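Take a look at the structure set out below.
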Amino acid sequence: MRYLYTFLLMFGFWLLLSGKFDLFHLTLGVISSLLVSWMSSDLLFIDSSKKGRLIEVWRLILYIPWILKEILLSTLHVTWLALHPAMKEKIAPRIVNFKTRLQSDAARVTLANSITLTPGTITVRIEGDVFTVHALSDKVASGLPGEMEERIARIFTEERP
Amino acid sequence: MSNFFIATGVVLCLFMLLALYRTIFGPTIIDRMMGANIIGTKTTVLLIIIGTIYGRVDMFVDIALAYAMLNFIVTIAASRYFAHHKNIRAEGYGVLHYTPTKEADK
Amino acid sequence: MINTLTITLMIAGLFFFFATTVGVLRFPDFYTRMHAAGKGDTLSSLLILVGLAIYNLHHISAGNILVTIKILFILMFIFLASPTATHAIIDAGYESGIKPWGKESNREGQDDLAD
């Protein structure tokens with residue numbers, strides 16, 4: 001099954017990139033997509049057993065506007081800091097650790113990238129369920145993990161503790 | 001409109017020169033990797049601007065896509081390679097004039 | 001109309017690129033520089049690329065729409081790759097034991113860095 005998914009994804013990608021729809025290019029596309037899906041079908045779609053992947057993807061798309069707003073805020077924050085004349089008094093960097101309750105790898109990666117894109121924090125490392133985060137000030141450090149974890153848990157349908 | 005794109009490209013090149021300072025003068029290898037990474041991101045944008053100036057975006061967009069992927073892979077590979085060099089310290093390995101010291105980190 | 005929108009978006013993007021570069025030059029240590037590099041780059045490439053994608057649609061044909069989709073694809077790739085590359089670089093720095101710059105009151109608890 002995952003061969004078929006990988007093949008469809010790769011072939012769609014080929015159509016997007018080539019933009020030519022004659023027989024020769026389509027045949028080449030089918031051959032190379034088949035080769036790629038044969039060789040590396042175990043890279044994407046690792047656990048195909050879980051139901052409801054499509055709903056997760058859809059909720060991930062709905063998550064994008066919120067993260068765009070957060071990116072805008074964080075860039076404004078970093079811009080304000082970078083152009084501030086007395087910037088070194090404004091920041092008090094520190095490294096904090098916290099535990100997450102997200103279980104799946106996809107949810108953890110989404111959380112890590114979201115932390116990097118939100119104001120004042122950047123993910124340094126994930127070890128098991130412990131996140132190491134570098135924060136620009138104590139205020140943002142105390143706000144972790146915040147409502148982001150809640151939202152991501154809702155996306156990936158994880159039960160509350 | 002074409003003049004505006006040319007001006008944008010020139011300004012982007014100036015920013016790349018500014019970032020090149022961080023790439024050349026370190027102080028650590030990791031700082032240089034970061035400088036190279038942000039120059040790469042600017043180059044991806046600059047390639048599409050160049051394509052718009054010449055009216056050949058359809059060609060330059062493929063180059064830009066390949067460049068973005070290459071930039072990402074180079075960053076990952078370099079950071080994997082340097083992750084275990086224990087002597088990348090604030091003043092130590094990676095400074096232009098390297099002088100070996102016992103206590104590189106205070 | 002399209003030209004005004006493109007110029008606005010691209011000037012905003014250039015401003016954030018400028019702030020990113022100044023931040024990379026001015027911040028005191030490697031970790032804080034990564035804050036500027038990782039965040040500013042994502043938003044400013046988003047603004048400039050969206051501006052160019054809109055400009056590209058000023059006369060609509062199948063080829064132009066395909067190019068616009070490709071530009072948006074590059075955008076999506078930068079969106080996924082930029083935080084990951086930031087994370088990889090900062091993890092390499094943390095692994096090799098660079099101590100973060102900080103005020104003395106924040107020093108406790110940071111001595112167990114990987115070394």
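We label chains A, B, ... in the order they appear in the structure tokens, count residues from 1 in each chain, and number ligands from 1 in the order shown.
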Shell of 9 Å around A:Pro119, only C-alpha atoms, local chain residues under 5 positions omitted, as a list in words: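 So, after excluding close chain neighbours, the residues are Glu70, Ile71, Leu72, Leu73, Ser74, Thr75, Leu76, His77, Val78, Leu136 and Val140 of chain A; Lys39 of chain C.
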Keeping only N, CA and C atoms, write the selected residues as a compact mmCIF listing (two decimals), in the first residue's frame.
# COMPACT_ATOMS: atom_id res chain seq x y z
N GLU A 70 2.37 33.60 14.39
CA GLU A 70 3.46 33.49 15.37
C GLU A 70 4.80 33.87 14.74
N ILE A 71 5.01 33.47 13.47
CA ILE A 71 6.27 33.81 12.80
C ILE A 71 6.40 35.31 12.65
N LEU A 72 5.28 35.97 12.28
CA LEU A 72 5.31 37.43 12.14
C LEU A 72 5.68 38.07 13.47
N LEU A 73 5.04 37.61 14.56
CA LEU A 73 5.34 38.19 15.88
C LEU A 73 6.79 37.96 16.25
N SER A 74 7.31 36.74 15.98
CA SER A 74 8.67 36.44 16.43
C SER A 74 9.68 37.23 15.61
N THR A 75 9.40 37.44 14.32
CA THR A 75 10.35 38.23 13.53
C THR A 75 10.34 39.68 13.97
N LEU A 76 9.13 40.20 14.30
CA LEU A 76 9.08 41.57 14.80
C LEU A 76 9.86 41.69 16.11
N HIS A 77 9.72 40.66 16.97
CA HIS A 77 10.44 40.65 18.25
C HIS A 77 11.95 40.67 18.03
N VAL A 78 12.41 39.79 17.11
CA VAL A 78 13.86 39.69 16.87
C VAL A 78 14.36 40.96 16.17
N LEU A 136 15.33 33.51 24.98
CA LEU A 136 16.00 34.82 25.03
C LEU A 136 15.77 35.55 26.34
N VAL A 140 9.76 34.51 28.33
CA VAL A 140 9.35 33.51 27.35
C VAL A 140 9.69 32.11 27.83
N LYS C 39 14.76 32.85 12.44
CA LYS C 39 13.41 33.39 12.31
C LYS C 39 13.31 34.40 11.19
Using only C-alpha atoms, what table do you get, as a tab-separated table, when you list each residue of chain A with an atom no more than 12 Å from chain B, its nearest pair of atoms, and their distance in Å rounded to one decimal, rows by chain then rising number?
residue	atom	partner	partner_atom	distance
A:Leu16	CA	B:Asp62	CA	11.0
A:Leu17	CA	B:Asp62	CA	7.9
A:Ser18	CA	B:Asp62	CA	9.6
A:Gly19	CA	B:Asp58	CA	10.1
Residues of chain C within 6 Å of chain A, using only C-alpha atoms, as a PDB file with N, CA and C atoms, in the first residue's frame?
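Produced file out08.pdb, reproduced below:
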ATOM      1  N   ALA C  19      17.174  43.380   9.047  1.00  0.00           N
ATOM      2  CA  ALA C  19      17.165  43.163  10.489  1.00  0.00           C
ATOM      3  C   ALA C  19      17.861  41.855  10.843  1.00  0.00           C
ATOM      4  N   GLY C  23      21.113  41.592  13.073  1.00  0.00           N
ATOM      5  CA  GLY C  23      21.067  40.747  14.252  1.00  0.00           C
ATOM      6  C   GLY C  23      22.202  39.748  14.282  1.00  0.00           C
ATOM      7  N   LYS C  39      14.758  32.850  12.443  1.00  0.00           N
ATOM      8  CA  LYS C  39      13.406  33.394  12.309  1.00  0.00           C
ATOM      9  C   LYS C  39      13.309  34.400  11.186  1.00  0.00           C
ATOM     10  N   GLY C  40      14.277  35.336  11.135  1.00  0.00           N
ATOM     11  CA  GLY C  40      14.162  36.392  10.144  1.00  0.00           C
ATOM     12  C   GLY C  40      14.199  35.872   8.732  1.00  0.00           C
ATOM     13  N   PRO C  83      13.767  25.848   9.844  1.00  0.00           N
ATOM     14  CA  PRO C  83      13.852  25.490  11.262  1.00  0.00           C
ATOM     15  C   PRO C  83      14.695  24.248  11.492  1.00  0.00           C
ATOM     16  N   ILE C  90      22.403  24.508  15.663  1.00  0.00           N
ATOM     17  CA  ILE C  90      22.482  24.834  17.093  1.00  0.00           C
ATOM     18  C   ILE C  90      22.763  23.572  17.899  1.00  0.00           C
ATOM     19  N   ASP C  91      22.310  22.426  17.401  1.00  0.00           N
ATOM     20  CA  ASP C  91      22.604  21.183  18.094  1.00  0.00           C
ATOM     21  C   ASP C  91      24.086  20.848  17.986  1.00  0.00           C
ATOM     22  N   GLY C 102      25.436  34.883  28.910  1.00  0.00           N
ATOM     23  CA  GLY C 102      24.292  35.171  29.762  1.00  0.00           C
ATOM     24  C   GLY C 102      24.692  36.005  30.940  1.00  0.00           C
TER      25      GLY C 102
END
Interface residues on chain C facing chain B, 9 Å, only C-alpha atoms, written as a PyMOL selection string: chain C and resi 3+7+10-11+14+17-18+21-22+24-25+29-30+33-34+37-38+41-42+45+48-49+52+55-56+63-64+66-67+70-71+73-74+77-78+81-82+84-86+88-99+115
Strand (DSSP E or B) positions in chain A, given as an MDAnalysis selection string: chainID A and resid 94:99 121:127 130:135
